[in-house]
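This is run-v5.csv (CSV, C-alpha atoms).
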chain,number,residue,atom,x,y,z
Y,328,MET,CA,28.0,37.7,-22.7
Y,329,ARG,CA,24.7,36.5,-21.7
Y,330,ALA,CA,24.7,33.4,-19.6
Y,331,ARG,CA,21.9,31.7,-21.6
Y,332,TRP,CA,21.8,28.8,-19.2
Y,333,ASN,CA,20.7,31.1,-16.4
Y,334,MET,CA,18.6,33.5,-18.4
Y,335,ALA,CA,15.3,31.8,-18.9
Y,336,SER,CA,12.6,34.2,-19.8
Y,337,SER,CA,11.3,34.0,-16.3
Y,338,SER,CA,14.9,34.8,-15.1
Y,339,ASN,CA,14.8,31.7,-12.8
Y,340,SER,CA,17.2,28.9,-13.2
Y,341,PRO,CA,16.1,26.1,-15.5
Y,342,CYS,CA,14.1,23.3,-14.0
Y,343,ALA,CA,15.8,19.9,-13.5
Y,344,ALA,CA,14.1,18.5,-16.6
Y,345,CYS,CA,15.4,21.2,-18.9
Y,346,LYS,CA,18.8,21.0,-17.3
Y,347,PHE,CA,18.9,17.3,-17.9
Y,348,LEU,CA,17.6,17.7,-21.4
Y,349,ARG,CA,19.9,20.6,-22.0
Y,350,ARG,CA,17.3,22.9,-23.4
Y,351,LYS,CA,16.0,26.3,-22.6
Y,352,CYS,CA,13.5,26.3,-19.8
Y,353,GLN,CA,10.5,28.2,-21.2
Y,354,PRO,CA,8.0,30.0,-18.9
Y,355,GLU,CA,5.3,27.6,-19.9
Y,356,CYS,CA,7.6,24.5,-19.3
Y,357,VAL,CA,5.3,21.7,-18.2
Y,358,PHE,CA,8.0,20.2,-16.0
Y,359,ALA,CA,9.2,23.3,-14.2
Y,360,PRO,CA,6.6,23.3,-11.4
Y,361,TYR,CA,7.3,19.7,-10.5
Y,362,PHE,CA,11.0,19.2,-11.1
Y,363,PRO,CA,12.8,22.0,-9.2
Y,364,PRO,CA,16.5,22.4,-10.1
Y,365,ASP,CA,17.6,21.3,-6.6
Y,366,GLN,CA,16.2,17.8,-7.2
Y,367,PRO,CA,18.0,16.6,-10.3
Y,368,GLN,CA,17.7,12.9,-9.4
Y,369,LYS,CA,13.9,13.0,-9.4
Y,370,PHE,CA,13.7,13.9,-13.1
Y,371,ALA,CA,16.7,11.6,-14.0
Y,372,ASN,CA,14.8,8.6,-12.5
Y,373,VAL,CA,11.5,9.5,-14.1
Y,374,HIS,CA,13.2,10.0,-17.5
Y,375,LYS,CA,15.1,6.8,-17.3
Y,376,VAL,CA,11.9,4.7,-16.6
Y,377,PHE,CA,9.2,6.6,-18.4
Y,378,GLY,CA,10.8,9.0,-20.7
Y,379,ALA,CA,10.3,12.7,-21.0
Y,380,SER,CA,7.8,12.5,-23.8
Y,381,ASN,CA,5.6,10.0,-22.1
Y,382,VAL,CA,5.6,12.1,-18.9
Y,383,THR,CA,4.7,15.2,-21.0
Y,384,LYS,CA,1.8,13.3,-22.6
Y,385,LEU,CA,0.6,12.1,-19.3
Y,386,LEU,CA,0.7,15.5,-17.6
Y,387,ASN,CA,-1.0,17.2,-20.5
Y,388,GLU,CA,-3.9,14.8,-20.1
Y,389,LEU,CA,-4.4,15.8,-16.5
Y,390,HIS,CA,-5.9,18.8,-14.8
Y,391,PRO,CA,-3.2,21.2,-13.5
Y,392,HIS,CA,-4.2,20.5,-9.9
Y,393,GLN,CA,-3.6,16.8,-10.4
Y,394,ARG,CA,-0.2,17.1,-11.9
Y,395,GLU,CA,1.8,17.4,-8.8
Y,396,ASP,CA,0.4,14.2,-7.3
Y,397,ALA,CA,1.0,12.5,-10.7
Y,398,VAL,CA,4.6,13.5,-10.9
Y,399,ASN,CA,5.2,12.5,-7.3
Y,400,SER,CA,3.7,9.1,-7.9
Y,401,LEU,CA,5.7,8.6,-11.1
Y,402,ALA,CA,8.8,9.6,-9.3
Y,403,PHE,CA,8.0,7.0,-6.6
Y,404,GLU,CA,7.4,4.3,-9.2
Y,405,ALA,CA,10.5,5.2,-11.1
Y,406,ASP,CA,12.6,5.0,-7.9
Y,407,MET,CA,11.1,1.7,-7.0
Y,408,ARG,CA,11.7,0.3,-10.4
Y,409,LEU,CA,15.3,1.4,-10.4
Y,410,ARG,CA,15.9,-0.1,-7.0
Y,411,ASP,CA,14.2,-3.3,-8.0
Y,412,PRO,CA,14.3,-3.7,-11.8
Y,413,VAL,CA,12.4,-7.0,-11.7
Y,414,TYR,CA,9.4,-6.2,-9.5
Y,415,GLY,CA,9.4,-2.5,-9.0
Y,416,CYS,CA,6.3,-1.3,-7.0
Y,417,VAL,CA,4.8,-4.7,-7.3
Y,418,GLY,CA,7.3,-6.1,-5.0
Y,419,LEU,CA,6.4,-3.5,-2.3
Y,420,ILE,CA,2.7,-4.2,-2.9
Y,421,SER,CA,3.4,-7.9,-2.3
Y,422,VAL,CA,5.3,-7.3,0.9
Y,423,LEU,CA,2.6,-5.0,2.2
Y,424,GLN,CA,-0.1,-7.5,1.4
Y,425,HIS,CA,1.8,-10.1,3.3
Y,426,GLN,CA,2.1,-7.8,6.3
Y,427,LEU,CA,-1.6,-7.1,6.1
Y,428,ARG,CA,-2.4,-10.8,6.1
Y,429,GLN,CA,-0.2,-11.3,9.1
Y,430,LEU,CA,-2.0,-8.6,10.9
Y,431,GLN,CA,-5.3,-10.1,10.0
Y,432,MET,CA,-4.2,-13.4,11.5
Y,433,GLU,CA,-3.1,-11.6,14.6
Y,434,ILE,CA,-6.5,-10.0,14.8
Y,435,SER,CA,-8.2,-13.4,14.4
Y,436,CYS,CA,-6.1,-14.9,17.1
Y,437,ALA,CA,-6.7,-12.0,19.4
Y,438,LYS,CA,-10.4,-12.1,18.8
Y,439,SER,CA,-10.3,-15.8,19.6
Y,440,GLU,CA,-8.5,-15.2,22.8
Y,441,LEU,CA,-10.9,-12.5,23.7
Y,442,SER,CA,-13.8,-14.8,23.2
Y,443,LYS,CA,-12.5,-17.1,25.8
Y,444,TYR,CA,-12.9,-14.3,28.4
Y,445,GLN,CA,-16.4,-13.7,27.1
Y,446,ASN,CA,-17.3,-17.4,27.3
Y,447,LEU,CA,-16.2,-17.3,30.9
Y,448,GLY,CA,-18.4,-14.3,31.5
Y,449,ILE,CA,-15.5,-12.0,31.9
Y,450,THR,CA,-16.4,-8.9,30.0
Y,451,GLY,CA,-14.4,-5.8,29.7
Y,452,HIS,CA,-16.6,-3.4,27.8
Y,453,GLY,CA,-18.6,-2.4,30.7
Y,454,LEU,CA,-15.5,-2.3,32.9
Y,455,ILE,CA,-13.7,0.1,30.6
Y,456,ALA,CA,-16.7,2.3,30.1
Y,457,ALA,CA,-17.2,2.4,33.8
Y,458,ALA,CA,-13.7,3.4,34.5
Y,459,ALA,CA,-13.8,6.0,31.7
Y,460,ASN,CA,-16.9,7.5,33.2
Y,461,ASN,CA,-15.7,7.3,36.8
Y,462,TYR,CA,-18.5,4.8,37.3
Y,463,ASN,CA,-18.8,4.1,41.0
Y,464,HIS,CA,-22.3,2.8,41.5
Y,465,GLN,CA,-21.9,-0.6,40.0
Y,466,GLN,CA,-21.3,-3.4,42.5
Y,467,ASN,CA,-20.3,-5.7,39.6
Y,468,LEU,CA,-17.4,-3.7,38.5
Y,469,GLY,CA,-15.3,-6.8,38.5
Y,470,ILE,CA,-16.0,-10.1,36.8
Y,471,ASN,CA,-19.5,-10.9,35.8
Y,472,LEU,CA,-20.4,-14.5,36.2
Y,473,ILE,CA,-22.3,-16.5,33.6
Y,474,GLY,CA,-26.0,-15.8,33.9
Y,475,GLY,CA,-25.4,-13.3,36.6
Y,476,GLY,CA,-24.8,-9.7,36.4
Y,477,GLY,CA,-27.5,-8.1,38.4
Y,478,GLY,CA,-27.6,-4.5,37.9
Y,479,VAL,CA,-25.6,-4.5,34.7
Y,480,ARG,CA,-26.0,-1.7,32.2
Y,481,ASP,CA,-28.0,-2.1,29.1
Y,482,HIS,CA,-25.2,-2.3,26.6
Y,483,HIS,CA,-23.3,-4.6,28.9
Y,484,HIS,CA,-26.4,-6.9,29.1
Y,485,HIS,CA,-26.5,-6.9,25.3
Y,486,TYR,CA,-22.9,-7.9,25.2
Y,487,HIS,CA,-23.7,-10.6,27.7
Y,488,HIS,CA,-26.2,-12.2,25.2
Y,489,GLN,CA,-23.3,-12.9,22.9
Y,490,PHE,CA,-21.7,-15.6,25.1
Y,491,PHE,CA,-21.4,-18.1,22.3
Y,492,PRO,CA,-21.2,-15.9,19.2
Y,493,ARG,CA,-21.2,-17.7,15.9
Y,494,ASP,CA,-19.6,-14.7,14.1
Y,495,GLN,CA,-16.7,-13.4,16.1
Y,496,GLN,CA,-16.4,-10.4,13.8
Y,497,GLN,CA,-19.9,-9.4,14.7
Y,498,MET,CA,-19.0,-9.7,18.4
Y,499,ILE,CA,-16.0,-7.4,18.0
Y,500,ARG,CA,-18.0,-4.9,16.0
Y,501,SER,CA,-20.5,-4.6,18.9
Y,502,PHE,CA,-17.6,-4.2,21.2
Y,503,ASP,CA,-15.8,-1.5,19.3
Y,504,GLY,CA,-18.7,0.4,18.1
Y,505,GLY,CA,-19.7,-1.5,15.0
Y,506,ASN,CA,-17.4,-0.3,12.3
Y,507,ASN,CA,-17.1,-2.3,9.1
Y,508,TYR,CA,-13.3,-2.4,9.2
Y,509,ASP,CA,-13.0,-6.2,8.8
Y,510,ALA,CA,-15.2,-6.4,5.7
Y,511,SER,CA,-13.5,-3.6,3.9
Y,512,LEU,CA,-10.1,-4.9,4.8
Y,513,LEU,CA,-10.9,-8.4,3.6
Y,514,ALA,CA,-12.4,-7.0,0.4
Y,515,MET,CA,-9.3,-4.9,-0.2
Y,516,ASN,CA,-7.1,-7.9,0.4
Y,517,VAL,CA,-9.0,-10.2,-1.8
Y,518,SER,CA,-9.3,-7.8,-4.7
Y,519,ALA,CA,-5.5,-7.0,-4.6
Y,520,ASN,CA,-4.8,-10.7,-4.1
Y,521,LEU,CA,-6.5,-11.7,-7.3
Y,522,GLN,CA,-4.4,-9.2,-9.2
Y,523,LEU,CA,-1.1,-10.4,-7.8
Y,524,SER,CA,-1.7,-14.1,-7.7
Y,525,GLN,CA,0.5,-14.7,-10.7
Y,526,PHE,CA,3.5,-13.1,-9.1
Y,527,PRO,CA,5.7,-15.2,-6.7
Y,528,GLN,CA,6.2,-13.6,-3.3
Y,529,PRO,CA,9.5,-11.8,-3.0
Y,530,ARG,CA,11.6,-13.6,-0.5
Y,531,ALA,CA,12.6,-10.4,1.3
Y,532,ALA,CA,11.4,-6.8,1.4
Y,533,ALA,CA,14.6,-5.5,0.0
Y,534,GLY,CA,15.1,-8.2,-2.5
Y,535,ASP,CA,18.8,-7.7,-2.7
Y,536,ASP,CA,19.5,-10.7,-4.8
Y,537,ARG,CA,17.2,-9.5,-7.5
Y,538,ARG,CA,19.0,-6.2,-7.8
Y,539,THR,CA,22.0,-7.9,-9.3
Y,540,ILE,CA,21.9,-6.9,-13.0
Y,541,ASP,CA,23.9,-8.8,-15.5
Y,542,PRO,CA,25.8,-6.1,-17.4
Y,543,SER,CA,25.8,-8.3,-20.5
K,557,MET,CA,7.9,-14.3,-41.3
K,558,ILE,CA,5.3,-11.6,-41.0
K,559,SER,CA,2.8,-14.0,-39.4
K,560,GLY,CA,5.5,-14.8,-36.7
K,561,ARG,CA,5.9,-11.3,-35.4
K,562,CYS,CA,5.5,-10.7,-31.7
K,563,ALA,CA,3.0,-8.2,-30.5
K,564,ALA,CA,5.6,-5.5,-30.1
K,565,CYS,CA,7.0,-5.7,-33.6
K,566,LYS,CA,3.5,-5.9,-35.0
K,567,TYR,CA,2.6,-2.7,-33.0
K,568,LEU,CA,5.8,-1.0,-34.1
K,569,ARG,CA,5.3,-2.3,-37.7
K,570,ARG,CA,8.7,-3.7,-38.0
K,571,ARG,CA,10.4,-7.0,-38.7
K,572,CYS,CA,10.6,-9.3,-35.8
K,573,PRO,CA,14.2,-10.6,-35.5
K,574,SER,CA,15.0,-14.0,-34.1
K,575,ASP,CA,16.6,-12.4,-31.1
K,576,CYS,CA,13.8,-9.8,-30.5
K,577,ILE,CA,14.0,-8.8,-26.8
K,578,PHE,CA,10.2,-8.4,-26.7
K,579,SER,CA,9.2,-11.6,-28.4
K,580,PRO,CA,9.2,-14.0,-25.5
K,581,TYR,CA,7.1,-11.7,-23.3
K,582,PHE,CA,4.8,-10.1,-25.7
K,583,PRO,CA,3.1,-12.8,-27.7
K,584,PRO,CA,1.1,-11.9,-30.8
K,585,ASN,CA,-2.1,-13.2,-29.3
K,586,ASP,CA,-2.1,-10.4,-26.7
K,587,PRO,CA,-1.6,-7.1,-28.5
K,588,GLN,CA,-3.2,-5.1,-25.6
K,589,ARG,CA,-0.3,-6.1,-23.3
K,590,PHE,CA,2.3,-4.4,-25.3
K,591,SER,CA,0.1,-1.5,-26.2
K,592,CYS,CA,-0.4,-0.8,-22.5
K,593,VAL,CA,3.2,-1.0,-21.7
K,594,HIS,CA,4.2,1.1,-24.7
K,595,LYS,CA,1.8,3.9,-23.7
K,596,ILE,CA,3.4,4.3,-20.3
K,597,TYR,CA,7.0,3.4,-20.7
K,598,GLY,CA,7.7,3.4,-24.4
K,599,ALA,CA,9.2,0.6,-26.4
K,600,SER,CA,12.8,1.8,-26.1
K,601,ASN,CA,12.7,2.0,-22.3
K,602,VAL,CA,11.0,-1.4,-22.0
K,603,GLY,CA,13.6,-2.9,-24.3
K,604,LYS,CA,16.5,-1.3,-22.3
K,605,MET,CA,15.0,-2.4,-18.9
K,606,LEU,CA,14.6,-6.0,-20.2
K,607,GLN,CA,18.0,-6.0,-21.8
K,608,GLN,CA,19.7,-5.1,-18.5
K,609,LEU,CA,18.3,-8.1,-16.7
K,610,PRO,CA,19.4,-11.7,-16.8
K,611,SER,CA,17.1,-13.7,-19.2
K,612,HIS,CA,15.5,-15.8,-16.4
K,613,LEU,CA,14.2,-12.6,-14.7
K,614,ARG,CA,12.8,-10.9,-17.8
K,615,SER,CA,9.5,-12.6,-17.8
K,616,GLN,CA,8.7,-11.4,-14.2
K,617,ALA,CA,9.9,-7.9,-15.1
K,618,ALA,CA,7.7,-7.8,-18.2
K,619,ASP,CA,4.7,-9.0,-16.1
K,620,THR,CA,5.3,-6.3,-13.4
K,621,LEU,CA,5.8,-3.6,-16.0
K,622,TYR,CA,2.5,-4.6,-17.5
K,623,PHE,CA,0.8,-4.6,-14.1
K,624,GLU,CA,2.1,-1.1,-13.3
K,625,ALA,CA,1.2,0.2,-16.7
K,626,GLN,CA,-2.3,-1.1,-16.4
K,627,TYR,CA,-2.8,0.6,-13.1
K,628,ARG,CA,-1.3,3.8,-14.4
K,629,LEU,CA,-3.8,3.8,-17.3
K,630,GLN,CA,-6.7,3.2,-14.9
K,631,ASP,CA,-5.5,5.9,-12.5
K,632,PRO,CA,-3.3,8.3,-14.4
K,633,VAL,CA,-2.7,10.4,-11.2
K,634,TYR,CA,-1.6,7.7,-8.8
K,635,GLY,CA,-1.2,4.4,-10.7
K,636,CYS,CA,-0.3,1.5,-8.4
K,637,VAL,CA,1.1,3.9,-5.8
K,638,GLY,CA,-2.6,4.4,-4.9
K,639,ILE,CA,-2.7,0.7,-3.9
K,640,ILE,CA,0.4,1.1,-1.8
K,641,SER,CA,-1.0,4.1,0.0
K,642,GLN,CA,-4.2,2.2,0.6
K,643,LEU,CA,-2.3,-0.8,2.0
K,644,HIS,CA,-0.4,1.5,4.3
K,645,GLN,CA,-3.7,2.8,5.7
K,646,GLN,CA,-5.1,-0.6,6.0
K,647,ILE,CA,-2.0,-1.8,7.9
K,648,ASN,CA,-2.2,1.2,10.2
K,649,SER,CA,-5.8,0.4,11.0
K,650,ALA,CA,-5.0,-3.3,11.5
K,651,GLU,CA,-2.2,-2.4,13.9
K,652,SER,CA,-4.6,-0.3,15.9
K,653,GLN,CA,-7.1,-3.0,15.9
K,654,VAL,CA,-4.6,-5.6,17.2
K,655,ALA,CA,-3.4,-3.2,19.9
K,656,LYS,CA,-6.9,-2.4,21.0
K,657,ILE,CA,-7.9,-6.1,21.3
K,658,GLN,CA,-4.7,-7.0,23.0
K,659,ALA,CA,-5.1,-4.2,25.5
K,660,GLU,CA,-8.6,-5.5,26.3
K,661,ILE,CA,-7.2,-9.0,26.8
K,662,SER,CA,-4.5,-7.8,29.0
K,663,PHE,CA,-6.9,-5.7,31.0
K,664,LEU,CA,-9.3,-8.7,31.4
K,665,ASN,CA,-6.4,-11.0,32.2
K,666,SER,CA,-5.0,-8.7,34.9
K,667,ASN,CA,-8.4,-8.1,36.2
K,668,ALA,CA,-9.2,-11.8,36.4
K,669,GLN,CA,-6.1,-12.5,38.3
K,670,GLU,CA,-6.7,-9.7,40.9
K,671,VAL,CA,-10.4,-10.2,41.5
K,672,GLU,CA,-11.5,-9.8,45.0
K,673,GLU,CA,-14.5,-8.0,46.5
K,674,PRO,CA,-15.5,-5.3,44.1
K,675,GLN,CA,-14.7,-1.8,45.4
K,676,VAL,CA,-16.9,1.2,44.8
K,677,ASP,CA,-14.1,3.6,44.0
K,678,GLN,CA,-11.9,1.2,42.2
K,679,HIS,CA,-9.5,3.0,39.8
K,680,ILE,CA,-8.7,0.8,36.9
K,681,GLU,CA,-5.7,1.3,34.6
K,682,ALA,CA,-5.2,-0.5,31.3
K,683,ASN,CA,-1.9,-2.2,31.0
K,684,SER,CA,-0.4,-1.0,27.7
K,685,THR,CA,3.3,-1.6,28.0
K,686,PHE,CA,3.2,-4.7,25.9
K,687,ILE,CA,1.7,-2.9,22.9
K,688,ASN,CA,5.0,-1.7,21.6
K,689,ASN,CA,6.3,-5.3,21.7
K,690,LEU,CA,3.4,-6.5,19.6
K,691,LEU,CA,3.7,-4.2,16.7
K,692,PRO,CA,5.5,-5.7,13.7
K,693,GLU,CA,8.9,-4.1,13.2
K,694,GLN,CA,8.8,-4.1,9.5
K,695,ILE,CA,5.6,-2.4,9.0
K,696,ASN,CA,5.7,1.1,7.4
K,697,THR,CA,9.5,1.1,7.0
K,698,LEU,CA,9.1,2.8,3.6
K,699,ASP,CA,9.0,6.5,4.0
K,700,LEU,CA,6.6,7.9,1.4
K,701,SER,CA,7.0,11.5,2.6
K,702,PRO,CA,9.8,12.5,0.1
K,703,TYR,CA,7.4,11.8,-2.7
K,704,GLY,CA,4.7,14.1,-1.1
K,705,LEU,CA,2.0,11.5,-1.3
K,706,PRO,CA,-1.2,12.9,0.0
K,707,SER,CA,-3.2,11.1,2.7
K,708,THR,CA,-6.3,10.9,0.6
K,709,GLN,CA,-6.7,10.3,-3.1
K,710,THR,CA,-9.0,8.9,-5.7
K,711,SER,CA,-9.0,5.1,-5.3
K,712,TRP,CA,-8.6,3.2,-8.5
K,713,PHE,CA,-11.3,0.8,-7.5
K,714,ASN,CA,-14.0,3.4,-6.9

Transcribe the structure of this file into structure tokens.
Amino acid sequence: MRARWNMASSSNSPCAACKFLRRKCQPECVFAPYFPPDQPQKFANVHKVFGASNVTKLLNELHPHQREDAVNSLAFEADMRLRDPVYGCVGLISVLQHQLRQLQMEISCAKSELSKYQNLGITGHGLIAAAANNYNHQQNLGINLIGGGGGVRDHHHHYHHQFFPRDQQQMIRSFDGGNNYDASLLAMNVSANLQLSQFPQPRAAAGDDRRTIDPS
Amino acid sequence: MISGRCAACKYLRRRCPSDCIFSPYFPPNDPQRFSCVHKIYGASNVGKMLQQLPSHLRSQAADTLYFEAQYRLQDPVYGCVGIISQLHQQINSAESQVAKIQAEISFLNSNAQEVEEPQVDQHIEANSTFINNLLPEQINTLDLSPYGLPSTQTSWFN
């Protein structure tokens, strides 16, 4: 007798979706490439949160080359929602935003501390560049005093002119090559913040107390 | 009674019972909210998810489901996972930035303490042993690799 379960037209075992749905896995099964039979939980989670028909509709609206990423992100969202039925991925976004804000504050503090050295005329940019280039002709390899610095290099002199910077970000940009990291980070934070302002911050990353589900 | 239906029951074209699970969270004046959630999750799944929660948590759950549904409609490939991925990248950059600045401070600090006559062939080493202690422990604890998330993707806000 034919083992129908194992005799899909392609002669491969049915995908996890078709196994779950207890149906024959057709060669053109939309789920098969993305829900291999050795990962049954992946489809079970996605099905529980989104439903098979919604996933089918979503995948059919995408180009084939986008579907794998879409399935993986759906699987992630489903997993997060099952772990945290109240906040799902939003809880994680909130935690990450909080961490990012903490880091931004650390950066601000660090910049502030760095500026103290600059205000004292202790500059490191030229020193590090000198060390990196095996610089051994500069008599002021050590601390440069305010207003002094005879024989300093050009970029070092430019840095010197920013003793009392009004914009510390600008100062750091000139120090590290002038990328626009701060502006883009702030923009990202602000834009995401506006969207999440209605949600209270989760108390903990795990949110264990929220996972308690009243069976009634 | 017809005029008192919630957005969900209006959308589903059914009577809205007094104990409707959707009614408190999908008011009739915001039909787009339920429409959005229904497209991604389906009414049955949303109802089940809300039903399984204590009543005082359902409002937040409905809000976050709506949030995620919106992002999935805007970005059908990545949804709000795109935001998570972006935040991870931003956090990594911020960590590097902090480490870099702290390394510079430490270098200047140690150099300031040891200043004597400048030497021509001075070999300077940056002190970086403190960097590991500065990095936040909780950052990037979530492992995204099992989900095969790519390092670059279309951003929803592009």

- [ ] Go through Y:Phe377, Y:Phe347, Y:Tyr444, Y:Tyr361 and flag the residue nearest Y:Val398, using all atoms listed in the file for the distances.
- [x] Y:Tyr361

Task: Contact residues around Y:Lys375 with all atoms listed in the file at 8 Å, ignoring same-chain residues under 4 positions, as a VMD selection string - done: (chain Y and resid 371 405) or (chain K and resid 601)

Task: Top pick for closest residue to chain Y, considering K:Ala625, K:Ile639, K:Ala655, K:Ala617 and counting only C-alpha atoms - done: K:Ala617

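Between chain K and the residues Y:Pro391, Y:Pro341, Y:Gly378, Y:Pro360, the shortest atom-to-atom distance, using all atoms listed in the file, involves Y:Gly378.
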
- [ ] Write out as a PyMOL selection string which residues come within 12 Å of K:Phe590 when counting only C-alpha atoms, dropping same-chain ones fewer than 6 positions away.
- [x] chain K and resi 562-568+578-584+596-599+602-603+618-619+621-623+625-626

Quick one: write out the picked residues with C-alpha atoms as a PDB file, in the coordinates of the input?
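again_18.pdb written:
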ATOM      1  CA  CYS K 562       5.500 -10.700 -31.700  1.00  0.00           C
ATOM      2  CA  ALA K 563       3.000  -8.200 -30.500  1.00  0.00           C
ATOM      3  CA  ALA K 564       5.600  -5.500 -30.100  1.00  0.00           C
ATOM      4  CA  CYS K 565       7.000  -5.700 -33.600  1.00  0.00           C
ATOM      5  CA  LYS K 566       3.500  -5.900 -35.000  1.00  0.00           C
ATOM      6  CA  TYR K 567       2.600  -2.700 -33.000  1.00  0.00           C
ATOM      7  CA  LEU K 568       5.800  -1.000 -34.100  1.00  0.00           C
ATOM      8  CA  PHE K 578      10.200  -8.400 -26.700  1.00  0.00           C
ATOM      9  CA  SER K 579       9.200 -11.600 -28.400  1.00  0.00           C
ATOM     10  CA  PRO K 580       9.200 -14.000 -25.500  1.00  0.00           C
ATOM     11  CA  TYR K 581       7.100 -11.700 -23.300  1.00  0.00           C
ATOM     12  CA  PHE K 582       4.800 -10.100 -25.700  1.00  0.00           C
ATOM     13  CA  PRO K 583       3.100 -12.800 -27.700  1.00  0.00           C
ATOM     14  CA  PRO K 584       1.100 -11.900 -30.800  1.00  0.00           C
ATOM     15  CA  ILE K 596       3.400   4.300 -20.300  1.00  0.00           C
ATOM     16  CA  TYR K 597       7.000   3.400 -20.700  1.00  0.00           C
ATOM     17  CA  GLY K 598       7.700   3.400 -24.400  1.00  0.00           C
ATOM     18  CA  ALA K 599       9.200   0.600 -26.400  1.00  0.00           C
ATOM     19  CA  VAL K 602      11.000  -1.400 -22.000  1.00  0.00           C
ATOM     20  CA  GLY K 603      13.600  -2.900 -24.300  1.00  0.00           C
ATOM     21  CA  ALA K 618       7.700  -7.800 -18.200  1.00  0.00           C
ATOM     22  CA  ASP K 619       4.700  -9.000 -16.100  1.00  0.00           C
ATOM     23  CA  LEU K 621       5.800  -3.600 -16.000  1.00  0.00           C
ATOM     24  CA  TYR K 622       2.500  -4.600 -17.500  1.00  0.00           C
ATOM     25  CA  PHE K 623       0.800  -4.600 -14.100  1.00  0.00           C
ATOM     26  CA  ALA K 625       1.200   0.200 -16.700  1.00  0.00           C
ATOM     27  CA  GLN K 626      -2.300  -1.100 -16.400  1.00  0.00           C
TER      28      GLN K 626
END

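Relative to atom CA of K:Val654, atom CA of Y:Ile434 is found at 5.4 Å.
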
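With atom CA of Y:Pro367 on one side and atom CA of Y:Cys345 on the other, the separation reads 10.1 Å.
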
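In this comparison, which uses all atoms listed in the file, the residue of Y:Ser421, Y:Gln431, Y:Cys356, Y:Asp365 approaching K:Ser649 most closely is Y:Gln431.
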
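Distances here use only C-alpha atoms; by that measure, the residue among K:Ile577, K:Leu629, K:Val593, K:Leu609 closest to chain Y is K:Leu609.
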
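With atom CA of Y:Met432 on one side and atom CA of K:Ser666 on the other, the separation reads 23.9 Å.
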